[in-house]
file structure.tsv (TSV, C-alpha atoms)
chain	number	residue	atom	x	y	z
P	295	MET	CA	21.72	23.10	-38.14
P	296	THR	CA	19.29	21.13	-40.28
P	297	LEU	CA	18.52	24.22	-42.36
P	298	ARG	CA	22.21	24.81	-42.89
P	299	PHE	CA	22.68	21.25	-44.10
P	300	ALA	CA	19.78	21.58	-46.52
P	301	TYR	CA	21.16	24.88	-47.81
P	302	LEU	CA	24.59	23.40	-48.44
P	303	ALA	CA	23.07	20.33	-50.11
P	304	VAL	CA	21.06	22.50	-52.50
P	305	LEU	CA	24.16	24.50	-53.39
P	306	ARG	CA	26.11	21.33	-54.10
P	307	LEU	CA	23.33	19.90	-56.29
P	308	LEU	CA	23.16	23.07	-58.33
P	309	GLY	CA	26.93	22.98	-58.75
P	310	TRP	CA	26.87	19.37	-59.92
P	311	MET	CA	24.10	20.12	-62.40
P	312	ALA	CA	26.26	22.87	-63.87
P	313	LEU	CA	29.02	20.30	-64.46
P	314	LEU	CA	26.84	18.37	-66.91
P	315	ALA	CA	27.44	21.01	-69.57
P	316	ARG	CA	31.24	20.72	-69.35
P	317	SER	CA	33.44	18.40	-71.38
P	318	ASP	CA	35.31	15.44	-69.87
P	319	MET	CA	38.66	17.14	-70.45
P	320	ALA	CA	37.60	20.25	-68.53
P	321	LYS	CA	36.31	18.09	-65.65
P	322	ASP	CA	39.55	16.09	-65.48
P	323	ALA	CA	41.62	19.28	-65.47
P	324	GLU	CA	39.51	20.74	-62.67
P	325	ILE	CA	39.87	17.55	-60.63
P	326	LEU	CA	43.67	17.65	-61.00
P	327	ILE	CA	43.75	21.30	-59.95
P	328	LEU	CA	41.56	20.60	-56.90
P	329	ARG	CA	43.72	17.63	-55.88
P	330	HIS	CA	46.83	19.77	-56.07
P	331	GLN	CA	45.18	22.49	-53.98
P	332	ILE	CA	44.19	19.91	-51.37
P	333	ALA	CA	47.79	18.65	-51.24
P	334	VAL	CA	49.02	22.21	-50.67
P	335	LEU	CA	46.44	22.82	-47.92
P	336	GLN	CA	47.26	19.52	-46.18
P	337	ARG	CA	50.89	20.64	-45.87
P	338	ARG	CA	49.74	23.84	-44.11
P	339	VAL	CA	46.83	22.54	-42.00
P	340	LYS	CA	47.67	19.80	-39.54
P	341	VAL	CA	44.16	19.01	-38.25
P	342	ALA	CA	41.01	19.75	-40.24
P	343	ARG	CA	37.85	20.73	-38.33
P	344	PRO	CA	34.86	20.22	-40.64
P	345	SER	CA	31.41	21.18	-39.45
P	346	TRP	CA	28.48	18.78	-39.10
P	347	PRO	CA	27.01	19.53	-42.57
P	348	ASP	CA	30.49	19.08	-44.10
P	349	ARG	CA	30.81	15.68	-42.46
P	350	ALA	CA	27.36	14.64	-43.70
P	351	ILE	CA	28.12	15.64	-47.30
P	352	LEU	CA	31.56	13.95	-47.35
P	353	SER	CA	30.25	10.72	-45.85
P	354	ALA	CA	27.27	10.62	-48.22
P	355	LEU	CA	29.40	11.21	-51.33
P	356	ALA	CA	32.01	8.66	-50.24
P	357	ARG	CA	29.26	6.02	-50.17
P	358	LEU	CA	28.66	6.62	-53.87
P	359	LEU	CA	32.25	5.75	-54.86
P	360	PRO	CA	33.20	2.18	-55.75
P	361	HIS	CA	35.28	0.32	-53.16
P	362	ARG	CA	38.32	0.12	-55.44
P	363	HIS	CA	38.45	3.89	-55.81
P	364	ARG	CA	38.01	4.78	-52.14
P	365	GLY	CA	41.58	3.88	-51.30
P	366	GLN	CA	42.93	6.02	-54.16
P	367	LEU	CA	40.93	9.08	-53.06
P	368	ARG	CA	42.95	11.47	-50.90
P	369	LEU	CA	40.70	12.99	-48.27
P	370	ILE	CA	41.41	15.31	-45.34
P	371	VAL	CA	40.35	12.46	-43.02
P	372	SER	CA	40.97	8.76	-42.86
P	373	PRO	CA	38.41	6.19	-44.09
P	374	ARG	CA	37.86	5.09	-40.51
P	375	THR	CA	36.90	8.63	-39.50
P	376	LEU	CA	34.58	8.84	-42.48
P	377	LEU	CA	32.77	5.68	-41.43
P	378	ARG	CA	32.51	6.95	-37.85
P	379	TRP	CA	30.92	10.15	-39.11
P	380	HIS	CA	28.37	8.20	-41.09
P	381	ALA	CA	27.53	6.01	-38.10
P	382	ALA	CA	27.03	9.12	-35.94
P	383	ILE	CA	24.66	10.60	-38.54
P	384	VAL	CA	22.62	7.39	-38.63
P	385	LYS	CA	22.49	7.26	-34.84
P	386	ARG	CA	21.36	10.84	-34.67
P	387	ARG	CA	18.64	10.15	-37.20
P	388	TRP	CA	17.15	6.99	-35.66
P	389	CYS	CA	18.10	6.94	-31.99
P	390	TYR	CA	15.97	8.82	-29.47
P	391	PRO	CA	17.68	10.77	-26.70
P	392	ARG	CA	17.51	9.21	-23.27
P	393	ARG	CA	15.93	11.14	-20.45
P	394	ARG	CA	18.01	11.00	-17.31
P	395	GLY	CA	16.77	11.66	-13.81
P	396	ARG	CA	13.22	12.12	-12.56
P	397	PRO	CA	10.57	13.47	-14.94
P	398	PRO	CA	9.87	17.21	-14.67
P	399	ALA	CA	6.97	18.43	-12.57
P	400	GLN	CA	3.73	19.33	-14.27
P	401	ARG	CA	3.36	22.92	-15.35
P	402	ILE	CA	0.24	23.43	-13.25
P	403	VAL	CA	2.10	22.23	-10.13
P	404	ARG	CA	5.00	24.57	-10.89
P	405	ASP	CA	2.68	27.55	-11.39
P	406	LEU	CA	0.78	26.80	-8.18
P	407	ALA	CA	3.99	26.46	-6.16
P	408	LEU	CA	5.35	29.76	-7.46
P	409	GLU	CA	2.04	31.51	-6.86
P	410	MET	CA	1.90	30.26	-3.27
P	411	ALA	CA	5.48	31.35	-2.66
P	412	ARG	CA	4.75	34.85	-3.96
P	413	ASP	CA	1.49	35.23	-2.05
P	414	ASN	CA	2.88	33.83	1.22
P	415	PRO	CA	6.42	35.12	1.91
P	416	THR	CA	6.60	33.22	5.22
P	417	TRP	CA	5.91	29.80	3.68
P	418	GLY	CA	8.81	27.43	3.11
P	419	TYR	CA	8.94	24.65	0.55
P	420	ARG	CA	7.59	22.09	3.03
P	421	ARG	CA	4.61	24.31	3.86
P	422	ILE	CA	3.89	24.71	0.15
P	423	HIS	CA	4.30	20.94	-0.30
P	424	GLY	CA	1.70	20.34	2.39
P	425	GLU	CA	-0.72	22.75	0.76
P	426	LEU	CA	-0.30	21.04	-2.62
P	427	SER	CA	-0.77	17.64	-1.02
P	428	GLY	CA	-4.08	18.86	0.36
P	429	LEU	CA	-5.08	19.79	-3.20
P	430	GLY	CA	-4.40	16.23	-4.39
P	431	TYR	CA	-0.94	16.63	-5.97
P	432	THR	CA	1.48	13.82	-5.09
P	433	LEU	CA	5.13	14.86	-5.26
P	434	ALA	CA	8.22	14.99	-3.10
P	435	PRO	CA	9.16	18.04	-0.97
P	436	SER	CA	12.50	18.21	-2.80
P	437	THR	CA	10.58	18.82	-6.03
P	438	ILE	CA	9.04	21.97	-4.54
P	439	TRP	CA	12.47	23.07	-3.33
P	440	LYS	CA	13.88	22.62	-6.85
P	441	ILE	CA	10.99	24.55	-8.42
P	442	LEU	CA	11.56	27.49	-6.07
P	443	ASN	CA	15.32	27.35	-6.48
P	444	ASP	CA	15.12	27.30	-10.30
P	445	ALA	CA	12.81	30.32	-10.18
P	446	GLY	CA	15.28	32.24	-8.02
P	447	ILE	CA	13.00	32.36	-4.97
P	448	ASP	CA	14.91	32.37	-1.69
P	449	PRO	CA	13.94	30.26	1.31
P	450	ALA	CA	11.20	31.66	3.53
P	451	PRO	CA	13.42	33.33	6.19
P	452	SER	CA	15.52	35.04	3.50
P	453	ARG	CA	12.66	36.53	1.51
P	454	HIS	CA	11.65	40.15	1.75
P	455	GLY	CA	9.44	41.11	4.63
P	456	GLN	CA	5.87	42.32	4.58
P	457	THR	CA	5.31	45.27	2.25
P	458	TRP	CA	3.44	48.43	3.19
P	459	ARG	CA	0.70	47.49	0.74
P	460	THR	CA	0.16	44.14	2.45
P	461	PHE	CA	0.36	45.69	5.92
P	462	LEU	CA	-2.18	48.43	5.14
P	463	ALA	CA	-4.51	45.95	3.43
P	464	ALA	CA	-4.47	43.79	6.57
P	465	GLN	CA	-5.19	46.80	8.79
P	466	ALA	CA	-7.79	48.40	6.50
P	467	HIS	CA	-10.82	46.80	8.21
P	468	ALA	CA	-9.90	48.63	11.44
P	469	MET	CA	-9.20	52.06	9.91
P	470	LEU	CA	-11.53	55.03	9.53
P	471	ALA	CA	-10.57	58.33	7.87
P	472	ALA	CA	-12.09	61.77	8.45
P	473	ASP	CA	-11.74	65.01	6.55
P	474	PHE	CA	-13.33	68.36	5.67
P	475	PHE	CA	-13.92	69.95	2.29
P	476	HIS	CA	-15.70	73.15	1.32
P	477	VAL	CA	-18.30	74.03	-1.32
P	478	ASP	CA	-19.06	77.56	-2.51
P	479	THR	CA	-22.71	78.33	-3.24
P	480	VAL	CA	-24.19	80.55	-5.92
P	481	LEU	CA	-24.20	83.50	-3.50
P	482	LEU	CA	-20.50	82.82	-2.68
P	483	ARG	CA	-21.31	81.43	0.73
P	484	ARG	CA	-18.79	78.79	1.81
P	485	LEU	CA	-20.12	75.59	3.36
P	486	TYR	CA	-18.01	72.94	5.06
P	487	VAL	CA	-18.70	69.21	4.76
P	488	LEU	CA	-17.48	66.69	7.34
P	489	PHE	CA	-17.37	63.04	6.27
P	490	PHE	CA	-15.89	59.72	7.31
P	491	ILE	CA	-14.82	56.89	5.02
P	492	GLU	CA	-13.98	53.26	5.84
P	493	HIS	CA	-10.66	52.06	4.43
P	494	ALA	CA	-11.68	48.45	3.93
P	495	THR	CA	-15.02	48.93	2.16
P	496	ARG	CA	-14.66	52.56	0.92
P	497	ARG	CA	-18.08	53.24	2.41
P	498	VAL	CA	-18.74	56.96	2.97
P	499	HIS	CA	-20.58	58.43	5.97
P	500	LEU	CA	-21.71	62.06	5.67
P	501	ALA	CA	-21.43	63.50	9.16
P	502	GLY	CA	-22.71	67.03	8.66
P	503	ILE	CA	-22.72	70.30	6.70
P	504	THR	CA	-22.34	73.74	8.24
P	505	ALA	CA	-21.12	77.22	7.47
P	506	HIS	CA	-19.42	77.62	10.84
P	507	PRO	CA	-17.60	74.44	11.91
P	508	THR	CA	-16.53	74.51	15.54
P	509	GLY	CA	-15.07	72.00	17.95
P	510	GLY	CA	-18.42	71.46	19.66
P	511	TRP	CA	-20.19	70.90	16.34
P	512	VAL	CA	-17.58	68.34	15.24
P	513	THR	CA	-17.88	66.58	18.60
P	514	GLN	CA	-21.63	66.22	18.18
P	515	GLN	CA	-21.23	64.88	14.62
P	516	ALA	CA	-18.70	62.30	15.87
P	517	ARG	CA	-21.19	61.16	18.54
P	518	ASN	CA	-23.94	60.88	15.93
P	519	LEU	CA	-21.65	58.76	13.74
P	520	LEU	CA	-20.81	56.35	16.56
P	521	MET	CA	-24.47	55.95	17.46
P	522	GLY	CA	-25.32	55.31	13.81
P	523	LEU	CA	-22.60	52.68	13.47
P	524	GLY	CA	-23.75	50.82	16.58
P	525	ASP	CA	-21.77	47.63	17.19
P	526	GLN	CA	-19.69	48.23	14.08
P	527	ALA	CA	-17.94	51.10	15.86
P	528	THR	CA	-16.09	48.60	18.05
P	529	THR	CA	-14.34	47.12	15.01
P	530	PHE	CA	-12.41	50.32	14.30
P	531	LYS	CA	-9.04	50.77	15.98
P	532	PHE	CA	-7.61	53.78	14.14
P	533	VAL	CA	-9.01	57.09	12.93
P	534	ILE	CA	-6.91	59.12	10.50
P	535	ARG	CA	-7.32	62.89	10.49
P	536	ASP	CA	-5.37	65.98	9.55
P	537	ARG	CA	-4.07	68.62	11.99
P	538	ASP	CA	-7.14	70.88	11.91
P	539	THR	CA	-7.73	72.40	15.36
P	540	LYS	CA	-11.45	71.59	15.16
P	541	PHE	CA	-10.60	67.89	15.49
P	542	THR	CA	-8.62	68.27	18.72
P	543	ALA	CA	-11.44	68.14	21.26
P	544	ALA	CA	-13.97	66.38	19.06
P	545	PHE	CA	-11.95	63.22	18.57
P	546	ALA	CA	-11.81	62.57	22.29
P	547	VAL	CA	-15.09	60.77	21.57
P	548	PHE	CA	-13.14	58.10	19.67
P	549	THR	CA	-10.40	57.94	22.28
P	550	ALA	CA	-13.00	57.18	24.94
P	551	ILE	CA	-14.01	53.93	23.19
P	552	GLY	CA	-10.42	52.80	22.65
P	553	VAL	CA	-9.89	54.07	19.11
P	554	ARG	CA	-6.46	55.54	18.43
P	555	VAL	CA	-6.44	58.89	16.59
P	556	VAL	CA	-3.61	59.16	14.05
P	557	LYS	CA	-2.68	62.63	12.79
P	558	THR	CA	-1.22	63.04	9.33
P	559	PRO	CA	2.04	64.96	8.81
P	560	VAL	CA	1.93	68.65	7.99
P	561	ARG	CA	0.93	69.38	4.37
P	562	SER	CA	0.78	65.69	3.46
P	563	PRO	CA	-2.59	65.00	1.82
P	564	ARG	CA	-1.32	61.65	0.53
P	565	ALA	CA	-1.21	60.41	4.10
P	566	ASN	CA	-5.01	60.52	3.98
P	567	ALA	CA	-5.25	59.51	0.33
P	568	ILE	CA	-8.51	57.55	0.46
P	569	ALA	CA	-10.43	60.48	1.91
P	570	GLU	CA	-8.79	62.90	-0.54
P	571	ARG	CA	-9.70	60.63	-3.43
P	572	TRP	CA	-13.38	60.65	-2.41
P	573	ILE	CA	-13.33	64.45	-2.32
P	574	GLY	CA	-11.92	64.47	-5.85
P	575	SER	CA	-14.56	61.99	-7.06
P	576	ALA	CA	-17.39	64.00	-5.49
P	577	ARG	CA	-16.16	67.19	-7.11
P	578	ARG	CA	-15.52	65.76	-10.59
P	579	GLU	CA	-18.67	63.64	-10.83
P	580	CYS	CA	-21.14	65.83	-9.00
P	581	LEU	CA	-20.31	69.22	-7.45
P	582	ASP	CA	-18.36	70.65	-10.39
P	583	GLN	CA	-21.28	69.84	-12.71
P	584	MET	CA	-23.96	71.89	-10.90
P	585	LEU	CA	-24.61	75.09	-8.95
P	586	ILE	CA	-25.37	74.78	-5.23
P	587	VAL	CA	-28.02	77.15	-3.94
P	588	GLY	CA	-27.73	76.63	-0.19
P	589	GLU	CA	-27.06	74.29	2.69
P	590	GLN	CA	-30.25	72.27	2.25
P	591	HIS	CA	-29.57	71.84	-1.46
P	592	LEU	CA	-26.02	70.69	-0.80
P	593	ARG	CA	-27.24	68.20	1.80
P	594	LEU	CA	-29.72	66.65	-0.65
P	595	VAL	CA	-27.12	66.47	-3.44
P	596	LEU	CA	-24.40	64.89	-1.32
P	597	ARG	CA	-26.79	62.36	0.23
P	598	GLU	CA	-27.87	61.30	-3.25
P	599	TYR	CA	-24.28	61.07	-4.46
P	600	ALA	CA	-23.12	59.22	-1.32
P	601	ASP	CA	-25.92	56.68	-1.79
P	602	HIS	CA	-24.84	56.20	-5.43
P	603	TYR	CA	-21.21	55.90	-4.33
P	604	ASN	CA	-21.95	53.32	-1.63
P	605	THR	CA	-24.49	51.15	-3.42
P	606	HIS	CA	-23.65	51.29	-7.13
P	607	ARG	CA	-20.38	52.92	-8.13
P	608	PRO	CA	-17.70	50.27	-8.89
P	609	HIS	CA	-14.24	50.47	-7.34
P	610	ARG	CA	-11.04	48.98	-8.67
P	611	ALA	CA	-9.81	48.28	-5.14
P	612	LEU	CA	-12.95	46.17	-4.56
P	613	ASN	CA	-12.76	44.17	-7.81
P	614	GLN	CA	-15.21	46.56	-9.51
P	615	ASN	CA	-17.81	46.15	-6.78
P	616	PRO	CA	-19.53	48.95	-4.81
P	617	PRO	CA	-18.72	49.41	-1.09
P	618	THR	CA	-21.93	47.67	0.02
P	619	GLY	CA	-21.40	44.81	-2.46
P	620	ARG	CA	-23.68	43.46	-5.17
P	621	THR	CA	-26.89	41.59	-4.42
P	622	GLY	CA	-26.25	38.84	-7.00
P	623	SER	CA	-24.04	37.82	-9.87
P	624	PRO	CA	-25.02	39.32	-13.25
P	625	ALA	CA	-26.67	36.97	-15.72
P	626	GLU	CA	-25.21	36.58	-19.21
P	627	SER	CA	-28.29	36.05	-21.30
P	628	ALA	CA	-29.90	37.67	-24.32
P	629	CYS	CA	-33.27	37.65	-22.51
P	630	VAL	CA	-32.12	40.08	-19.82
P	631	ARG	CA	-32.75	43.79	-20.38
P	632	VAL	CA	-30.56	46.58	-19.06
P	633	LEU	CA	-32.44	49.40	-17.34
P	634	ARG	CA	-30.98	52.85	-16.84
P	635	ARG	CA	-31.72	54.82	-13.70
P	636	ASP	CA	-31.07	58.57	-13.59
P	637	ARG	CA	-29.84	60.31	-10.48
P	638	LEU	CA	-29.44	64.00	-9.71
P	639	GLY	CA	-31.61	64.97	-12.64
P	640	GLY	CA	-29.75	62.78	-15.14
P	641	LEU	CA	-26.26	63.89	-14.08
P	642	ILE	CA	-25.42	60.34	-12.97
P	643	HIS	CA	-26.68	57.18	-14.67
P	644	GLU	CA	-26.94	53.75	-13.09
P	645	TYR	CA	-27.51	50.53	-15.05
P	646	ALA	CA	-29.11	47.36	-13.77
P	647	GLN	CA	-30.44	44.14	-15.24
P	648	VAL	CA	-34.16	43.52	-15.46
P	649	ALA	CA	-35.59	40.13	-16.37

call {"tool": "encode", "arguments": {"input": "structure.tsv", "output": "structure tokens"}}
result
Amino acid sequence: MTLRFAYLAVLRLLGWMALLARSDMAKDAEILILRHQIAVLQRRVKVARPSWPDRAILSALARLLPHRHRGQLRLIVSPRTLLRWHAAIVKRRWCYPRRRGRPPAQRIVRDLALEMARDNPTWGYRRIHGELSGLGYTLAPSTIWKILNDAGIDPAPSRHGQTWRTFLAAQAHAMLAADFFHVDTVLLRRLYVLFFIEHATRRVHLAGITAHPTGGWVTQQARNLLMGLGDQATTFKFVIRDRDTKFTAAFAVFTAIGVRVVKTPVRSPRANAIAERWIGSARRECLDQMLIVGEQHLRLVLREYADHYNTHRPHRALNQNPPTGRTGSPAESACVRVLRRDRLGGLIHEYAQVA
């Protein structure tokens, strides 16, 4: 609105400057014509509705006229209305708007309240108020209710329930996945690899490699895994596997210690996605880049890759940390050197800081 007023004022000033070149007779004739046009328009228009810039220009120009000529001037409004317009313009220029009601909450409080509501679907506004009070923020519970209501967040009982992502993340520490994949050697001999992977940490356990997997062999590898895990084996409650017949008798070892075996649907590799993703990573980063001579060679290669995967390779699901975690936080200094370590004959490179 201010820009519009300035634009109209500039146009009027340019128009008045153009009048300086005209004679007095031409100006008087134009004034008489404009007065007659105004009289005609007043007979047709009952109530004039000027905009805010029009009011400002009329009131400012009327102040420039002598008092004896103001009564003779025929305007579309009365002198009283003109004075009221001018008073409103002055008030708008010098008077500050009054703030009614309580002051708004700080932005950091609003962001924290909304973040807590999104992260904790079961929390109501009073629970969030208590959490903020523990952080040192003093405010009323009704303020939290208003923040949530303005953001369109429903009360706790009316919000959506727990998502599959949240549910699986909460159960991940108790889940173990198992799967087979095959590798063809240089002499076209097919070898089968049995592995287990933890859902929570993405840590891989190579169980065994053989050319003839049987139920008895799988059973023995499952026993070896449980003995290697030790007390950690009691933390697992679910084992995910496909419907391969070799798993049927072997996984009775897990059932005996109270672990529930969950079978994936038929032809549904996504039901065991974490294990399938490790197979893809092992093939792309390692097995597809070299020729495997035999079973012993494959065992050495996969052990080396599994050690790299567990101790160094970053994972997005783990905030770019390896499954076993990092020993310390990296230092940001120009005095620290970065050392490269080659694995599998330079096929895989690892980088670490050296003081």

call {"tool": "atom_distance", "arguments": {"input": "structure.tsv", "atom1": "atom CA of Val533 of chain P", "atom2": "atom CA of Gln590 of chain P"}}
result
28.2 Å

call {"tool": "residues_around", "arguments": {"input": "structure.tsv", "residues": "Ala505 of chain P", "least_positions_apart": "6", "cutoff": "12 Å", "atoms": "all atoms listed in the file", "output": "list in words"}}
result
Phe474, Phe475, His476, Val477, Asp478, Thr479, Leu482, Arg483, Arg484, Leu485, Tyr486, Val487, Leu488, Trp511, Gly588, Glu589, Gln590 and Leu592 of chain P

call {"tool": "atom_distance", "arguments": {"input": "structure.tsv", "atom1": "atom CA of Arg497 of chain P", "atom2": "atom CA of Met584 of chain P"}}
result
23.7 Å

call {"tool": "atom_distance", "arguments": {"input": "structure.tsv", "atom1": "atom CA of Leu519 of chain P", "atom2": "atom CA of Gly574 of chain P"}}
result
22.6 Å

call {"tool": "residues_around", "arguments": {"input": "structure.tsv", "residues": "Arg421 of chain P", "least_positions_apart": "2", "cutoff": "10 Å", "atoms": "all atoms listed in the file", "output": "list in words"}}
result
Met410, Ala411, Thr416, Trp417, Gly418, Tyr419, His423, Gly424, Glu425, Leu426, Ser427, Pro435, Ile438 and Ala450 of chain P

call {"tool": "residues_around", "arguments": {"input": "structure.tsv", "residues": "Ser575 of chain P", "least_positions_apart": "3", "cutoff": "12 Å", "atoms": "only C-alpha atoms", "output": "PyMOL selection string"}}
result
chain P and resi 498+568-572+578-583+596+599-600+602-603+607+609

call {"tool": "residues_around", "arguments": {"input": "structure.tsv", "residues": "segment 441-446 of chain P", "least_positions_apart": "3", "cutoff": "7 Å", "atoms": "all atoms listed in the file", "output": "number ranges by chain"}}
result
P: 404, 408, 437-438

call {"tool": "residues_around", "arguments": {"input": "structure.tsv", "residues": "Leu470 of chain P", "least_positions_apart": "4", "cutoff": "9 Å", "atoms": "all atoms listed in the file", "output": "VMD selection string"}}
result
chain P and resid 466 490 to 494 530 to 535

call {"tool": "closest_residue", "arguments": {"input": "structure.tsv", "among": "P:Val555, P:Leu523, P:Val384, P:Leu305", "to": "Met469 of chain P", "atoms": "all atoms listed in the file"}}
result
P:Val555

call {"tool": "closest_residue", "arguments": {"input": "structure.tsv", "among": "P:Pro608, P:His499, P:Glu598, P:Gln400", "to": "Leu641 of chain P", "atoms": "only C-alpha atoms"}}
result
P:Glu598

call {"tool": "build_atoms", "arguments": {"input": "structure.tsv", "residues": "segment 627-641 of chain P", "atoms": "N, CA and C atoms", "output": "mmCIF file, in the frame of the given file"}}
result
data_model
loop_
_atom_site.group_PDB
_atom_site.id
_atom_site.type_symbol
_atom_site.label_atom_id
_atom_site.label_comp_id
_atom_site.auth_asym_id
_atom_site.auth_seq_id
_atom_site.Cartn_x
_atom_site.Cartn_y
_atom_site.Cartn_z
ATOM 1 N N SER P 627 -27.225 36.620 -20.479
ATOM 2 C CA SER P 627 -28.290 36.050 -21.300
ATOM 3 C C SER P 627 -28.859 37.137 -22.191
ATOM 4 N N ALA P 628 -29.316 36.715 -23.376
ATOM 5 C CA ALA P 628 -29.900 37.670 -24.320
ATOM 6 C C ALA P 628 -31.305 38.100 -23.880
ATOM 7 N N CYS P 629 -31.915 37.341 -22.945
ATOM 8 C CA CYS P 629 -33.270 37.650 -22.510
ATOM 9 C C CYS P 629 -33.310 38.703 -21.409
ATOM 10 N N VAL P 630 -32.176 39.119 -20.920
ATOM 11 C CA VAL P 630 -32.120 40.080 -19.820
ATOM 12 C C VAL P 630 -31.977 41.480 -20.402
ATOM 13 N N ARG P 631 -32.831 42.397 -19.940
ATOM 14 C CA ARG P 631 -32.750 43.790 -20.380
ATOM 15 C C ARG P 631 -31.924 44.595 -19.383
ATOM 16 N N VAL P 632 -31.336 45.656 -19.887
ATOM 17 C CA VAL P 632 -30.560 46.580 -19.060
ATOM 18 C C VAL P 632 -31.372 47.849 -18.907
ATOM 19 N N LEU P 633 -31.643 48.218 -17.649
ATOM 20 C CA LEU P 633 -32.440 49.400 -17.340
ATOM 21 C C LEU P 633 -31.539 50.494 -16.812
ATOM 22 N N ARG P 634 -31.746 51.698 -17.314
ATOM 23 C CA ARG P 634 -30.980 52.850 -16.840
ATOM 24 C C ARG P 634 -31.777 53.634 -15.818
ATOM 25 N N ARG P 635 -31.101 54.005 -14.743
ATOM 26 C CA ARG P 635 -31.720 54.820 -13.700
ATOM 27 C C ARG P 635 -30.958 56.137 -13.609
ATOM 28 N N ASP P 636 -31.692 57.245 -13.657
ATOM 29 C CA ASP P 636 -31.070 58.570 -13.590
ATOM 30 C C ASP P 636 -31.073 59.079 -12.162
ATOM 31 N N ARG P 637 -29.952 59.694 -11.807
ATOM 32 C CA ARG P 637 -29.840 60.310 -10.480
ATOM 33 C C ARG P 637 -29.369 61.748 -10.645
ATOM 34 N N LEU P 638 -29.779 62.579 -9.702
ATOM 35 C CA LEU P 638 -29.440 64.000 -9.710
ATOM 36 C C LEU P 638 -29.862 64.656 -11.021
ATOM 37 N N GLY P 639 -31.090 64.362 -11.440
ATOM 38 C CA GLY P 639 -31.610 64.970 -12.640
ATOM 39 C C GLY P 639 -30.942 64.507 -13.921
ATOM 40 N N GLY P 640 -30.406 63.289 -13.946
ATOM 41 C CA GLY P 640 -29.750 62.780 -15.140
ATOM 42 C C GLY P 640 -28.262 63.046 -15.175
ATOM 43 N N LEU P 641 -27.698 63.655 -14.119
ATOM 44 C CA LEU P 641 -26.260 63.890 -14.080
ATOM 45 C C LEU P 641 -25.477 62.589 -13.944
#
